[in-house]
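Here is the file input_27.csv (CSV, C-alpha atoms).
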chain,number,residue,atom,x,y,z
A,1,MET,CA,-1.4,-67.3,25.8
A,2,ASN,CA,2.2,-68.4,25.2
A,3,LYS,CA,2.7,-71.9,23.8
A,4,ILE,CA,5.9,-73.9,24.2
A,5,ASN,CA,7.0,-75.1,20.8
A,6,ASN,CA,10.6,-74.6,20.2
A,7,TYR,CA,14.0,-75.1,21.7
A,8,GLU,CA,14.3,-71.5,23.0
A,9,GLU,CA,11.0,-71.8,24.8
A,10,GLN,CA,12.1,-75.1,26.2
A,11,CYS,CA,15.1,-73.4,27.8
A,12,ALA,CA,12.9,-70.7,29.2
A,13,PHE,CA,10.6,-73.4,30.7
A,14,GLN,CA,13.6,-75.2,32.2
A,15,GLU,CA,14.7,-71.9,33.9
A,16,ILE,CA,11.2,-71.6,35.4
A,17,LEU,CA,11.2,-75.2,36.6
A,18,LYS,CA,14.6,-74.6,38.2
A,19,ILE,CA,13.2,-71.8,40.3
A,20,ILE,CA,9.8,-73.3,41.2
A,21,GLY,CA,9.6,-76.9,40.0
A,22,GLY,CA,11.3,-78.7,42.9
A,23,LYS,CA,9.2,-80.7,45.2
A,24,TRP,CA,10.1,-78.6,48.2
A,25,SER,CA,9.3,-75.3,46.7
A,26,MET,CA,5.9,-76.5,45.4
A,27,SER,CA,5.2,-78.0,48.9
A,28,ILE,CA,6.1,-74.8,50.7
A,29,ILE,CA,4.0,-72.7,48.3
A,30,TYR,CA,0.8,-74.6,48.8
A,31,ILE,CA,1.1,-74.8,52.5
A,32,LEU,CA,1.2,-71.0,52.4
A,33,PHE,CA,-2.1,-71.0,50.4
A,34,SER,CA,-3.8,-71.5,53.7
A,35,GLY,CA,-2.2,-68.4,55.2
A,36,LYS,CA,1.0,-67.1,56.7
A,37,LYS,CA,3.2,-69.6,58.6
A,38,ARG,CA,6.2,-69.5,61.0
A,39,PHE,CA,9.4,-71.4,60.2
A,40,ASN,CA,8.6,-74.1,62.7
A,41,GLU,CA,5.1,-74.6,61.3
A,42,LEU,CA,6.5,-75.0,57.8
A,43,GLN,CA,9.1,-77.5,59.1
A,44,ARG,CA,6.3,-79.6,60.7
A,45,THR,CA,4.1,-79.5,57.7
A,46,VAL,CA,6.5,-80.1,54.7
A,47,PRO,CA,7.0,-83.9,54.7
A,48,HIS,CA,10.6,-85.0,55.2
A,49,ILE,CA,12.3,-81.6,54.8
A,50,ASN,CA,15.4,-80.8,56.9
A,51,THR,CA,16.2,-77.4,58.4
A,52,ARG,CA,19.0,-76.6,55.9
A,53,MET,CA,16.8,-77.3,52.9
A,54,LEU,CA,13.9,-75.3,54.3
A,55,VAL,CA,16.2,-72.3,54.9
A,56,LYS,CA,17.6,-72.6,51.4
A,57,GLU,CA,14.1,-73.0,49.7
A,58,LEU,CA,12.6,-70.1,51.6
A,59,LYS,CA,15.5,-67.9,50.7
A,60,ASN,CA,15.1,-68.8,47.0
A,61,LEU,CA,11.4,-68.2,47.0
A,62,ALA,CA,11.8,-64.8,48.7
A,63,GLU,CA,14.5,-63.8,46.2
A,64,TYR,CA,12.0,-64.3,43.4
A,65,LYS,CA,9.4,-62.5,45.3
A,66,ILE,CA,7.1,-65.5,45.5
A,67,ILE,CA,7.0,-65.3,49.3
A,68,SER,CA,7.6,-62.5,51.7
A,69,ARG,CA,9.3,-62.7,55.1
A,70,LYS,CA,8.4,-60.7,58.1
A,71,VAL,CA,10.6,-60.6,61.3
A,72,PHE,CA,9.1,-59.8,64.7
A,73,ALA,CA,11.4,-58.5,67.4
A,74,THR,CA,10.5,-61.1,70.0
A,75,VAL,CA,13.0,-63.1,72.0
A,76,PRO,CA,13.8,-65.4,70.2
A,77,PRO,CA,12.9,-63.6,67.0
A,78,THR,CA,9.8,-64.8,65.2
A,79,VAL,CA,9.8,-65.0,61.4
A,80,GLU,CA,6.6,-65.3,59.4
A,81,TYR,CA,6.3,-66.3,55.8
A,82,SER,CA,3.4,-65.6,53.4
A,83,LEU,CA,2.7,-65.6,49.7
A,84,THR,CA,3.1,-62.4,47.7
A,85,GLU,CA,0.5,-61.5,45.0
A,86,LYS,CA,2.7,-63.2,42.5
A,87,GLY,CA,2.8,-66.4,44.6
A,88,LYS,CA,-1.0,-66.3,45.2
A,89,LYS,CA,-1.5,-66.5,41.4
A,90,LEU,CA,-0.1,-70.1,41.6
A,91,GLU,CA,-3.0,-71.4,43.7
A,92,PRO,CA,-5.3,-72.4,40.8
A,93,ILE,CA,-2.5,-73.9,38.8
A,94,ILE,CA,-1.1,-76.0,41.7
A,95,ASN,CA,-4.5,-77.1,42.7
A,96,ASP,CA,-5.2,-78.3,39.1
A,97,PHE,CA,-1.9,-80.1,39.0
A,98,TYR,CA,-2.7,-81.8,42.3
A,99,ASN,CA,-6.2,-82.8,41.2
A,100,TRP,CA,-4.8,-84.2,37.9
A,101,GLY,CA,-2.4,-86.3,40.0
A,102,VAL,CA,-5.0,-87.5,42.4
A,103,ASP,CA,-7.3,-88.5,39.5
A,104,ASN,CA,-4.6,-90.0,37.3
A,105,LEU,CA,-1.7,-91.3,39.3
A,106,TYR,CA,-2.3,-91.7,43.0
A,107,GLU,CA,-4.8,-93.9,44.7
A,108,TYR,CA,-5.5,-91.4,47.4
A,109,PRO,CA,-7.5,-92.9,50.3
A,110,GLY,CA,-9.4,-89.7,51.1
A,111,LYS,CA,-10.8,-89.2,47.6
B,1,MET,CA,-12.1,-80.0,43.6
B,2,ASN,CA,-9.6,-81.4,46.1
B,3,LYS,CA,-7.7,-78.9,48.2
B,4,ILE,CA,-4.3,-79.6,49.9
B,5,ASN,CA,-4.6,-78.8,53.5
B,6,ASN,CA,-3.1,-81.4,55.7
B,7,TYR,CA,0.0,-83.5,56.2
B,8,GLU,CA,-1.5,-86.6,54.5
B,9,GLU,CA,-2.4,-84.6,51.4
B,10,GLN,CA,1.1,-83.1,51.4
B,11,CYS,CA,2.5,-86.6,51.2
B,12,ALA,CA,0.1,-87.5,48.4
B,13,PHE,CA,1.3,-84.3,46.6
B,14,GLN,CA,4.9,-85.3,47.1
B,15,GLU,CA,4.2,-88.7,45.5
B,16,ILE,CA,2.7,-86.9,42.5
B,17,LEU,CA,5.6,-84.6,42.2
B,18,LYS,CA,8.0,-87.5,42.4
B,19,ILE,CA,6.4,-89.1,39.3
B,20,ILE,CA,5.8,-86.0,37.2
B,21,GLY,CA,7.4,-83.0,38.9
B,22,GLY,CA,11.0,-83.3,37.6
B,23,LYS,CA,12.2,-80.9,35.0
B,24,TRP,CA,12.9,-83.7,32.5
B,25,SER,CA,9.5,-85.3,32.7
B,26,MET,CA,7.7,-81.9,32.4
B,27,SER,CA,9.9,-81.1,29.4
B,28,ILE,CA,9.2,-84.4,27.6
B,29,ILE,CA,5.5,-84.1,28.2
B,30,TYR,CA,5.1,-80.7,26.6
B,31,ILE,CA,7.3,-81.5,23.7
B,32,LEU,CA,4.7,-84.3,23.1
B,33,PHE,CA,1.8,-81.7,23.2
B,34,SER,CA,2.8,-80.9,19.6
B,35,GLY,CA,2.4,-84.6,18.5
B,36,LYS,CA,4.3,-87.9,18.5
B,37,LYS,CA,8.1,-87.9,18.5
B,38,ARG,CA,10.8,-90.4,17.9
B,39,PHE,CA,13.6,-90.9,20.4
B,40,ASN,CA,16.1,-88.9,18.5
B,41,GLU,CA,13.7,-86.0,18.1
B,42,LEU,CA,13.1,-85.9,21.8
B,43,GLN,CA,16.8,-86.0,22.5
B,44,ARG,CA,17.4,-83.0,20.2
B,45,THR,CA,14.5,-81.0,21.7
B,46,VAL,CA,14.9,-81.5,25.4
B,47,PRO,CA,17.7,-79.1,26.5
B,48,HIS,CA,20.8,-80.8,28.0
B,49,ILE,CA,19.3,-84.2,28.6
B,50,ASN,CA,21.6,-87.2,28.1
B,51,THR,CA,20.6,-90.6,26.6
B,52,ARG,CA,20.5,-92.5,29.9
B,53,MET,CA,18.3,-89.9,31.5
B,54,LEU,CA,15.9,-89.7,28.5
B,55,VAL,CA,15.6,-93.6,28.5
B,56,LYS,CA,14.9,-93.5,32.2
B,57,GLU,CA,12.3,-90.7,32.1
B,58,LEU,CA,10.4,-92.2,29.1
B,59,LYS,CA,10.3,-95.6,30.9
B,60,ASN,CA,8.8,-93.9,34.0
B,61,LEU,CA,6.2,-91.9,32.0
B,62,ALA,CA,5.2,-95.0,30.1
B,63,GLU,CA,4.9,-97.0,33.4
B,64,TYR,CA,2.4,-94.4,34.7
B,65,LYS,CA,0.6,-94.5,31.3
B,66,ILE,CA,1.2,-90.8,30.7
B,67,ILE,CA,2.9,-91.6,27.4
B,68,SER,CA,2.7,-94.6,25.1
B,69,ARG,CA,5.5,-96.2,23.1
B,70,LYS,CA,5.0,-97.7,19.6
B,71,VAL,CA,7.8,-99.8,18.0
B,72,PHE,CA,8.1,-100.1,14.2
B,73,ALA,CA,9.9,-103.1,12.7
B,74,THR,CA,12.3,-101.1,10.7
B,75,VAL,CA,16.1,-101.7,10.6
B,76,PRO,CA,17.2,-100.2,13.0
B,77,PRO,CA,13.9,-100.3,14.8
B,78,THR,CA,12.0,-97.0,15.1
B,79,VAL,CA,10.3,-96.1,18.4
B,80,GLU,CA,7.6,-93.4,18.6
B,81,TYR,CA,6.3,-91.8,21.7
B,82,SER,CA,3.0,-90.0,22.2
B,83,LEU,CA,0.8,-88.8,25.0
B,84,THR,CA,-2.0,-90.9,26.3
B,85,GLU,CA,-5.4,-89.4,27.1
B,86,LYS,CA,-4.2,-89.1,30.7
B,87,GLY,CA,-1.1,-87.2,29.5
B,88,LYS,CA,-3.0,-84.9,27.2
B,89,LYS,CA,-5.1,-83.6,30.2
B,90,LEU,CA,-1.9,-82.0,31.5
B,91,GLU,CA,-1.7,-79.6,28.5
B,92,PRO,CA,-3.7,-76.7,30.0
B,93,ILE,CA,-2.1,-77.1,33.4
B,94,ILE,CA,1.5,-77.0,32.1
B,95,ASN,CA,0.7,-74.1,29.8
B,96,ASP,CA,-0.7,-72.2,32.7
B,97,PHE,CA,2.3,-72.9,34.7
B,98,TYR,CA,4.6,-71.9,31.9
B,99,ASN,CA,2.7,-68.6,31.4
B,100,TRP,CA,2.8,-67.8,35.0
B,101,GLY,CA,6.6,-68.3,34.9
B,102,VAL,CA,7.0,-66.1,31.8
B,103,ASP,CA,4.9,-63.4,33.4
B,104,ASN,CA,6.4,-63.5,36.8
B,105,LEU,CA,9.9,-65.0,36.8
B,106,TYR,CA,11.6,-65.0,33.6
B,107,GLU,CA,12.4,-62.1,31.3
B,108,TYR,CA,11.6,-64.0,28.2
B,109,PRO,CA,12.9,-62.2,25.0
B,110,GLY,CA,10.0,-63.4,22.8
B,111,LYS,CA,7.3,-62.1,25.1

Please express what this file holds, its structure, as structure tokens.
Amino acid sequence: MNKINNYEEQCAFQEILKIIGGKWSMSIIYILFSGKKRFNELQRTVPHINTRMLVKELKNLAEYKIISRKVFATVPPTVEYSLTEKGKKLEPIINDFYNWGVDNLYEYPGK
Amino acid sequence: MNKINNYEEQCAFQEILKIIGGKWSMSIIYILFSGKKRFNELQRTVPHINTRMLVKELKNLAEYKIISRKVFATVPPTVEYSLTEKGKKLEPIINDFYNWGVDNLYEYPGK
């Protein structure tokens, strides 16, 4: 287990947050916990995201091999996104984070 | 255990991320895992943060009772920040997140 306790580690953590810490990337990742999704499905499910941002975030996540992209030769082409093994490892962490938030920050009506 | 699986929960999660998901707030929180810190110590330890942003983030975290603020009547006044019980509960989650990042994203030299 690595602990964060000096400036150098802080910088490492900030690099990690730059890649994965944004609200859009987090949202996309846990939508994909429930299985592969097409572009339009993601756009409908991520609150308030616009097309340009979604394209950018998906490209970024694919570049770091957190998600994978599969293109089908339909007309128009269909593109499916799913989590890689690396991305799937985030599920318990993001669920813990969400549960902490629900318990401590947000009066969530469905709780 | 709550799971995130619909649009309403997505919105709840985005609210949570708005409060706590930024790179500054995350950085401040885990600097405080090692114990209480004064303003100047935080400013030295959070990479690249400026005074205005640090003031803003500390105010936000205190408002949500994730950190607490103690003022000492010295000249000039000393202010100490520490995690509340609520804030301390984030330690295992943020450590898991960091470790995932070190293992999967970032070629960290000290690993």

Contacts of stretch 85-95 of chain A at 7 Å (all atoms listed in the file; same-chain gap of 3+ positions) as number ranges by chain: A: 33, 66-67, 98-99; B: 3, 93, 96-97, 104

At most 8 Å is the cut-off: for each residue in chain B with any atom that close to an atom of chain A, write down the nearest atom pair and the distance in Å rounded to one decimal, counting all atoms listed in the file, chain first then increasing number, as CSV.
residue,atom,partner,partner_atom,distance
B:Met1,CA,A:Asn99,CA,7.0
B:Asn2,CA,A:Asn99,CA,6.1
B:Lys3,CA,A:Asn95,CA,6.6
B:Ile4,CA,A:Tyr30,CA,7.2
B:Asn5,CA,A:Ile31,CA,7.0
B:Asn6,CA,A:Thr45,CA,7.7
B:Tyr7,CA,A:Thr45,CA,5.9
B:Gln10,CA,A:Pro47,CA,6.8
B:Cys11,CA,A:Pro47,CA,6.3
B:Ala12,CA,A:Tyr108,CA,6.9
B:Phe13,CA,A:Tyr98,CA,6.4
B:Gln14,CA,A:Lys23,CA,6.6
B:Glu15,CA,A:Tyr106,CA,7.6
B:Ile16,CA,A:Gly101,CA,5.7
B:Leu17,CA,A:Lys23,CA,6.1
B:Lys18,CA,A:Lys23,CA,7.5
B:Gly21,CA,A:Gly21,CA,6.6
B:Gly22,CA,A:Gly21,CA,7.0
B:Lys23,CA,A:Leu17,CA,6.0
B:Ser27,CA,A:Gln10,CA,7.1
B:Tyr30,CA,A:Ile4,CA,7.3
B:Ile31,CA,A:Asn5,CA,7.0
B:Ser34,CA,A:Asn5,CA,7.3
B:Thr45,CA,A:Tyr7,CA,5.9
B:Val46,CA,A:Gln10,CA,7.0
B:Pro47,CA,A:Cys11,CA,6.4
B:Tyr64,CA,A:Leu105,CA,6.9
B:Lys86,CA,A:Asn104,CA,6.7
B:Lys89,CA,A:Trp100,CA,7.7
B:Leu90,CA,A:Trp100,CA,7.4
B:Ile93,CA,A:Ile93,CA,6.3
B:Asn95,CA,A:Lys3,CA,6.7
B:Asp96,CA,A:Ile93,CA,6.6
B:Phe97,CA,A:Ile93,CA,6.4
B:Tyr98,CA,A:Phe13,CA,6.3
B:Asn99,CA,A:Asn2,CA,6.2
B:Trp100,CA,A:Leu90,CA,7.6
B:Gly101,CA,A:Ile16,CA,5.7
B:Val102,CA,A:Ile16,CA,7.8
B:Asn104,CA,A:Lys86,CA,6.8
B:Leu105,CA,A:Ile16,CA,6.9
B:Tyr106,CA,A:Ile16,CA,6.9
B:Tyr108,CA,A:Ala12,CA,6.9

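From atom CA of A:Phe72 back to atom CA of A:Asn40, the distance works out to 14.4 Å.
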
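Remark: for B:Val71, the closest of the candidate residues B:Ser25, B:Arg38, B:Lys59, B:Met53 is B:Arg38 (distances computed over all atoms listed in the file).
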
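With atom CA of B:Gln43 on one side and atom CA of B:Ala73 on the other, the separation reads 20.9 Å.
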
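Counting all atoms listed in the file, A:Lys37 has the following residues at most 7 Å away, ignoring those fewer than 3 positions along the same chain: A:Leu32, A:Glu41, A:Leu42, A:Glu80, A:Tyr81, A:Ser82.
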